[in-house]
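Trainee: Before we start, here is the structure in question, set down as structure tokens.
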Amino acid sequence: MFKENILKGKTIIVTGGGTGLGKSMATKYSQLGANVVITSRKNEVINKTADEITNKTGNVVLAVQADVRKPFQNEAVLEKAIEKFGQVDGLLNNAAGNFISPTERLSYKAFDTIVDIVLKGTYNFTLAIGKYWIKNKIPGTVLSIVTTYASTGSGYVVPSAIAKAGVLNLTRSLASEWGKYKIRLNAIAPGPFPTKGAWDRLFPGAGFEDKLLNKIPLKRVGEHSELANLAAYLISDYSGYITGEVVTIDGGEWLAGAGEFNWLDEIKPEQWDEIGKSIKQKNKK
Ligand code: HXC
Ligand code: NAP
């Protein structure tokens, strides 16, 4: 859906770019001509992914090991990216940690672990790159992957929910503050997109697929290419007048969950005949 090379000449850092959705979005950026830098804790994984993407797209991908929780490691990623490509233009905050659990079973450390990766990791990297852009008068774009429950909240993933809410607020707050430096910040709130990282940690066991699909009006999970296309648009100059925005891509899932009477999907068409008659009779009384 894009013109070839719309990201040519841009350098984009993707945190958590070695696996799952980060890998898919990094691949799309590289296909569109960007210099891509991927980073995560597992060196072997990011090196393998970098080679895979380069083989597919013909464009250089730099892999740099770092833990987003550690500010100096993020700064080192930025320095290596500048050294290799001359300038950095975009940051995709995608790294995350999450698992389902009743909140009262969590230790303080479990809470810290998720919040540190998701919220602290995102503001650490955003601050490092923002300082660099402002100092060097470079217009930049930050895109952060949140979730639909960043706005609604959700039980059983509470550390993730509060951290993603913080990321969304960071996006909106800095969109106002840093607009004058020509820095844009946006977010994407995906619904369920199958990845090993999420599926291993977010479902209680077999048989969840039907339950999940029934909650989604479009009755399917998302395809990685659908998210990658949106992420390409939002990091590109084509979205140049959009900032502080969050775009939901969830097949209608959260709205369906919010609508008080959407559960009436369970009523069969023939039952509606009887229900209609019964209500009309009561109307006459
Ligand atoms: C309760 C748990 C737990 C669990 C870990 N902990 N898993 N507590 N239930 N299932 C506790 C540990 O006991 C420990 O606390 C603390 O959390 C830290 O655990 P570690 O294993 O030491 O941490 P670490 O090695 O840093 O690993 C981080 C991680 C892990 C988040 C726990 O899962 C990870 O590396 N995740 C990265 C990838 C990921 O999560 N991807 C999914 C993103 S999906 P104590 O006190 O015992 O020491 C996503 C999508 C949401 O965000 C929306 C979907 C629709
Ligand atoms: P994933 O493959 O597990 O991706 C998470 C990535 O984050 C991994 O590559 C992981 O790499 C990296 N990471 C974790 N902790 C890190 C740290 N401390 N420092 C640096 N990198 C770290 O899962 P995913 O499903 O693709 O998730 C990607 C993003 O989409 C996340 O922000 C997630 O919240 C969001 N999301 C996913 C879904 C979905 O349905 N899949 C829905 C909504 C939102 P290492 O382990 O090597 O560090």
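We name chains A, B, ... following the order of the structure tokens; residues begin at 1 in each chain, and ligands are numbered from 1 as shown.
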Counting only C-alpha atoms and all ligand atoms, give me one row per residue of chain A with an atom at most 8 Å from an atom of ligand 2, showing the shortest contact pair and its distance in Å to one decimal, sorted by chain then residue number, as a tab-separated table.

Mentor:
residue	atom	partner	partner_atom_place_in_ligand_line	distance
A:Thr15	CA	ligand 2	21 (N)	5.8
A:Gly16	CA	ligand 2	9 (O)	3.6
A:Gly17	CA	ligand 2	9 (O)	5.5
A:Gly18	CA	ligand 2	9 (O)	4.9
A:Thr19	CA	ligand 2	2 (O)	4.4
A:Gly20	CA	ligand 2	26 (O)	3.5
A:Leu21	CA	ligand 2	26 (O)	3.8
A:Gly22	CA	ligand 2	26 (O)	5.6
A:Lys23	CA	ligand 2	26 (O)	7.5
A:Thr39	CA	ligand 2	20 (C)	6.4
A:Ser40	CA	ligand 2	21 (N)	3.7
A:Arg41	CA	ligand 2	48 (O)	3.7
A:Lys42	CA	ligand 2	47 (O)	3.9
A:Asn43	CA	ligand 2	47 (O)	7.1
A:Val45	CA	ligand 2	47 (O)	6.5
A:Ile46	CA	ligand 2	47 (O)	7.2
A:Gln65	CA	ligand 2	20 (C)	8.0
A:Ala66	CA	ligand 2	20 (C)	5.8
A:Asp67	CA	ligand 2	19 (N)	3.5
A:Val68	CA	ligand 2	19 (N)	4.0
A:Arg69	CA	ligand 2	18 (N)	5.5
A:Asn93	CA	ligand 2	32 (O)	7.2
A:Asn94	CA	ligand 2	32 (O)	4.3
A:Ala95	CA	ligand 2	7 (O)	3.4
A:Ala96	CA	ligand 2	7 (O)	4.5
A:Gly97	CA	ligand 2	14 (C)	5.2
A:Asn98	CA	ligand 2	34 (O)	7.1
A:Asp116	CA	ligand 2	18 (N)	7.7
A:Ile117	CA	ligand 2	18 (N)	4.9
A:Val118	CA	ligand 2	32 (O)	7.3
A:Gly121	CA	ligand 2	18 (N)	7.0
A:Ser144	CA	ligand 2	32 (O)	7.7
A:Ile145	CA	ligand 2	32 (O)	4.9
A:Val146	CA	ligand 2	44 (C)	5.5
A:Thr147	CA	ligand 2	43 (C)	4.5
A:Thr148	CA	ligand 2	43 (C)	7.2
A:Ser160	CA	ligand 2	34 (O)	7.7
A:Lys164	CA	ligand 2	34 (O)	7.9
A:Ala189	CA	ligand 2	43 (C)	6.3
A:Pro190	CA	ligand 2	43 (C)	4.4
A:Gly191	CA	ligand 2	42 (C)	4.9
A:Pro192	CA	ligand 2	40 (O)	3.5
A:Phe193	CA	ligand 2	40 (O)	3.8
A:Pro194	CA	ligand 2	41 (N)	5.3
A:Thr195	CA	ligand 2	25 (O)	4.9
A:Lys196	CA	ligand 2	2 (O)	6.1
A:Gly197	CA	ligand 2	3 (O)	3.3
A:Ala198	CA	ligand 2	25 (O)	4.5
A:Trp199	CA	ligand 2	41 (N)	7.3

Trainee: Can you pull out every residue within 9 Å of region 127-141 of chain A, counting only C-alpha atoms, but drop anything in the same chain fewer than 5 positions away, and send it as a ChimeraX atom specification?

Mentor: /A:71,74-75,78,87-92,122,178,181-186,234-237

Trainee: As a PDB file with N, CA, C and O atoms, in the first residue's frame, please: the residues near Gln31 (chain A) (cut-off 10 Å, only C-alpha atoms, same-chain neighbours under 5 positions excluded).

Mentor:
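Saved as part_3.pdb:
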ATOM      1  N   GLU A   4       7.323   2.798  -2.955  1.00  0.00           N
ATOM      2  CA  GLU A   4       8.625   2.237  -2.582  1.00  0.00           C
ATOM      3  C   GLU A   4       9.482   3.308  -1.917  1.00  0.00           C
ATOM      4  O   GLU A   4       9.393   4.493  -2.266  1.00  0.00           O
ATOM      5  N   ASN A   5      10.288   2.878  -0.978  1.00  0.00           N
ATOM      6  CA  ASN A   5      11.308   3.764  -0.385  1.00  0.00           C
ATOM      7  C   ASN A   5      10.776   5.002   0.334  1.00  0.00           C
ATOM      8  O   ASN A   5      11.481   6.011   0.411  1.00  0.00           O
ATOM      9  N   ILE A   6       9.527   4.952   0.855  1.00  0.00           N
ATOM     10  CA  ILE A   6       9.032   6.154   1.550  1.00  0.00           C
ATOM     11  C   ILE A   6       9.824   6.448   2.829  1.00  0.00           C
ATOM     12  O   ILE A   6       9.743   7.547   3.364  1.00  0.00           O
ATOM     13  N   LEU A   7      10.555   5.457   3.320  1.00  0.00           N
ATOM     14  CA  LEU A   7      11.351   5.702   4.536  1.00  0.00           C
ATOM     15  C   LEU A   7      12.851   5.797   4.222  1.00  0.00           C
ATOM     16  O   LEU A   7      13.686   5.789   5.131  1.00  0.00           O
ATOM     17  N   LYS A   8      13.170   5.882   2.944  1.00  0.00           N
ATOM     18  CA  LYS A   8      14.586   5.962   2.532  1.00  0.00           C
ATOM     19  C   LYS A   8      15.255   7.170   3.199  1.00  0.00           C
ATOM     20  O   LYS A   8      14.680   8.264   3.253  1.00  0.00           O
ATOM     21  N   MET A  25       7.303  -5.074  12.422  1.00  0.00           N
ATOM     22  CA  MET A  25       7.333  -3.638  12.096  1.00  0.00           C
ATOM     23  C   MET A  25       8.728  -3.223  11.605  1.00  0.00           C
ATOM     24  O   MET A  25       8.848  -2.441  10.650  1.00  0.00           O
ATOM     25  N   ALA A  26       9.770  -3.790  12.221  1.00  0.00           N
ATOM     26  CA  ALA A  26      11.137  -3.488  11.778  1.00  0.00           C
ATOM     27  C   ALA A  26      11.333  -3.959  10.329  1.00  0.00           C
ATOM     28  O   ALA A  26      11.958  -3.269   9.515  1.00  0.00           O
ATOM     29  N   VAL A  36      17.417   0.418   9.814  1.00  0.00           N
ATOM     30  CA  VAL A  36      16.736  -0.011  11.038  1.00  0.00           C
ATOM     31  C   VAL A  36      17.754  -0.468  12.077  1.00  0.00           C
ATOM     32  O   VAL A  36      18.735  -1.137  11.755  1.00  0.00           O
ATOM     33  N   ILE A  53      16.210 -10.020   8.311  1.00  0.00           N
ATOM     34  CA  ILE A  53      15.572  -8.857   7.667  1.00  0.00           C
ATOM     35  C   ILE A  53      16.429  -8.383   6.490  1.00  0.00           C
ATOM     36  O   ILE A  53      15.919  -8.116   5.392  1.00  0.00           O
ATOM     37  N   THR A  54      17.739  -8.303   6.722  1.00  0.00           N
ATOM     38  CA  THR A  54      18.624  -7.846   5.633  1.00  0.00           C
ATOM     39  C   THR A  54      18.523  -8.777   4.425  1.00  0.00           C
ATOM     40  O   THR A  54      18.459  -8.323   3.280  1.00  0.00           O
ATOM     41  N   LYS A  56      16.039 -10.412   3.509  1.00  0.00           N
ATOM     42  CA  LYS A  56      14.730 -10.219   2.881  1.00  0.00           C
ATOM     43  C   LYS A  56      14.649  -8.899   2.108  1.00  0.00           C
ATOM     44  O   LYS A  56      14.046  -8.829   1.042  1.00  0.00           O
ATOM     45  N   THR A  57      15.244  -7.837   2.672  1.00  0.00           N
ATOM     46  CA  THR A  57      15.009  -6.493   2.119  1.00  0.00           C
ATOM     47  C   THR A  57      16.220  -5.911   1.402  1.00  0.00           C
ATOM     48  O   THR A  57      16.094  -4.929   0.671  1.00  0.00           O
ATOM     49  N   GLY A  58      17.391  -6.456   1.685  1.00  0.00           N
ATOM     50  CA  GLY A  58      18.617  -5.919   1.083  1.00  0.00           C
ATOM     51  C   GLY A  58      19.129  -4.677   1.788  1.00  0.00           C
ATOM     52  O   GLY A  58      20.129  -4.093   1.369  1.00  0.00           O
ATOM     53  N   ASN A  59      18.476  -4.256   2.852  1.00  0.00           N
ATOM     54  CA  ASN A  59      18.926  -3.056   3.580  1.00  0.00           C
ATOM     55  C   ASN A  59      19.600  -3.426   4.907  1.00  0.00           C
ATOM     56  O   ASN A  59      19.217  -4.407   5.545  1.00  0.00           O
TER      57      ASN A  59
END

Trainee: Among the residues of region 5-39 of chain A, find those DSSP assigns to strand (DSSP E or B) from the backbone and print them as a list of chain:residue names.

Mentor: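 Written out, the strand (DSSP E or B) residues of region 5-39 of chain A are A:Thr11, A:Ile12, A:Ile13, A:Val14, A:Thr15, A:Asn35, A:Val36, A:Val37, A:Ile38, A:Thr39.
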
Trainee: Would you output that residue set with N, CA, C and O atoms, as a JSON list (two decimals), in the first residue's frame?

Mentor:
[["chain", "number", "residue", "atom", "x", "y", "z"],
["A", 11, "THR", "N", 16.51, 6.80, 9.72],
["A", 11, "THR", "CA", 17.01, 5.74, 10.61],
["A", 11, "THR", "C", 16.04, 5.61, 11.77],
["A", 11, "THR", "O", 15.68, 6.61, 12.42],
["A", 12, "ILE", "N", 15.59, 4.37, 12.00],
["A", 12, "ILE", "CA", 14.57, 4.14, 13.02],
["A", 12, "ILE", "C", 15.04, 3.05, 14.00],
["A", 12, "ILE", "O", 15.46, 1.97, 13.57],
["A", 13, "ILE", "N", 14.96, 3.37, 15.28],
["A", 13, "ILE", "CA", 15.30, 2.38, 16.32],
["A", 13, "ILE", "C", 14.03, 1.68, 16.77],
["A", 13, "ILE", "O", 13.02, 2.33, 17.07],
["A", 14, "VAL", "N", 14.07, 0.36, 16.81],
["A", 14, "VAL", "CA", 12.91, -0.44, 17.26],
["A", 14, "VAL", "C", 13.31, -1.21, 18.51],
["A", 14, "VAL", "O", 14.16, -2.12, 18.43],
["A", 15, "THR", "N", 12.74, -0.88, 19.66],
["A", 15, "THR", "CA", 13.06, -1.64, 20.87],
["A", 15, "THR", "C", 12.24, -2.94, 20.86],
["A", 15, "THR", "O", 11.11, -2.96, 20.37],
["A", 35, "ASN", "N", 16.94, 2.73, 7.39],
["A", 35, "ASN", "CA", 18.01, 2.08, 8.14],
["A", 35, "ASN", "C", 17.38, 1.70, 9.47],
["A", 35, "ASN", "O", 16.87, 2.58, 10.17],
["A", 36, "VAL", "N", 17.42, 0.42, 9.81],
["A", 36, "VAL", "CA", 16.74, -0.01, 11.04],
["A", 36, "VAL", "C", 17.75, -0.47, 12.08],
["A", 36, "VAL", "O", 18.73, -1.14, 11.75],
["A", 37, "VAL", "N", 17.49, -0.08, 13.32],
["A", 37, "VAL", "CA", 18.31, -0.52, 14.45],
["A", 37, "VAL", "C", 17.39, -1.29, 15.39],
["A", 37, "VAL", "O", 16.36, -0.74, 15.81],
["A", 38, "ILE", "N", 17.71, -2.55, 15.66],
["A", 38, "ILE", "CA", 16.87, -3.30, 16.61],
["A", 38, "ILE", "C", 17.65, -3.55, 17.89],
["A", 38, "ILE", "O", 18.85, -3.76, 17.87],
["A", 39, "THR", "N", 16.92, -3.54, 18.98],
["A", 39, "THR", "CA", 17.58, -3.69, 20.28],
["A", 39, "THR", "C", 16.70, -4.51, 21.23],
["A", 39, "THR", "O", 15.47, -4.40, 21.20]]

Trainee: List the spatial neighbours of region 216-220 of chain A as a PyMOL selection string - criterion: any atom at most 8 Å away, only C-alpha atoms, same-chain residues fewer than 4 positions off excluded.

Mentor: chain A and resi 212+250-253+256

Trainee: Could you please write out, as a VMD selection string, every residue of region 60-181 of chain A that DSSP assigns to alpha helix (DSSP H)?

Mentor: chain A and resid 71 to 85 108 to 115 121 to 136 149 to 152 158 to 178
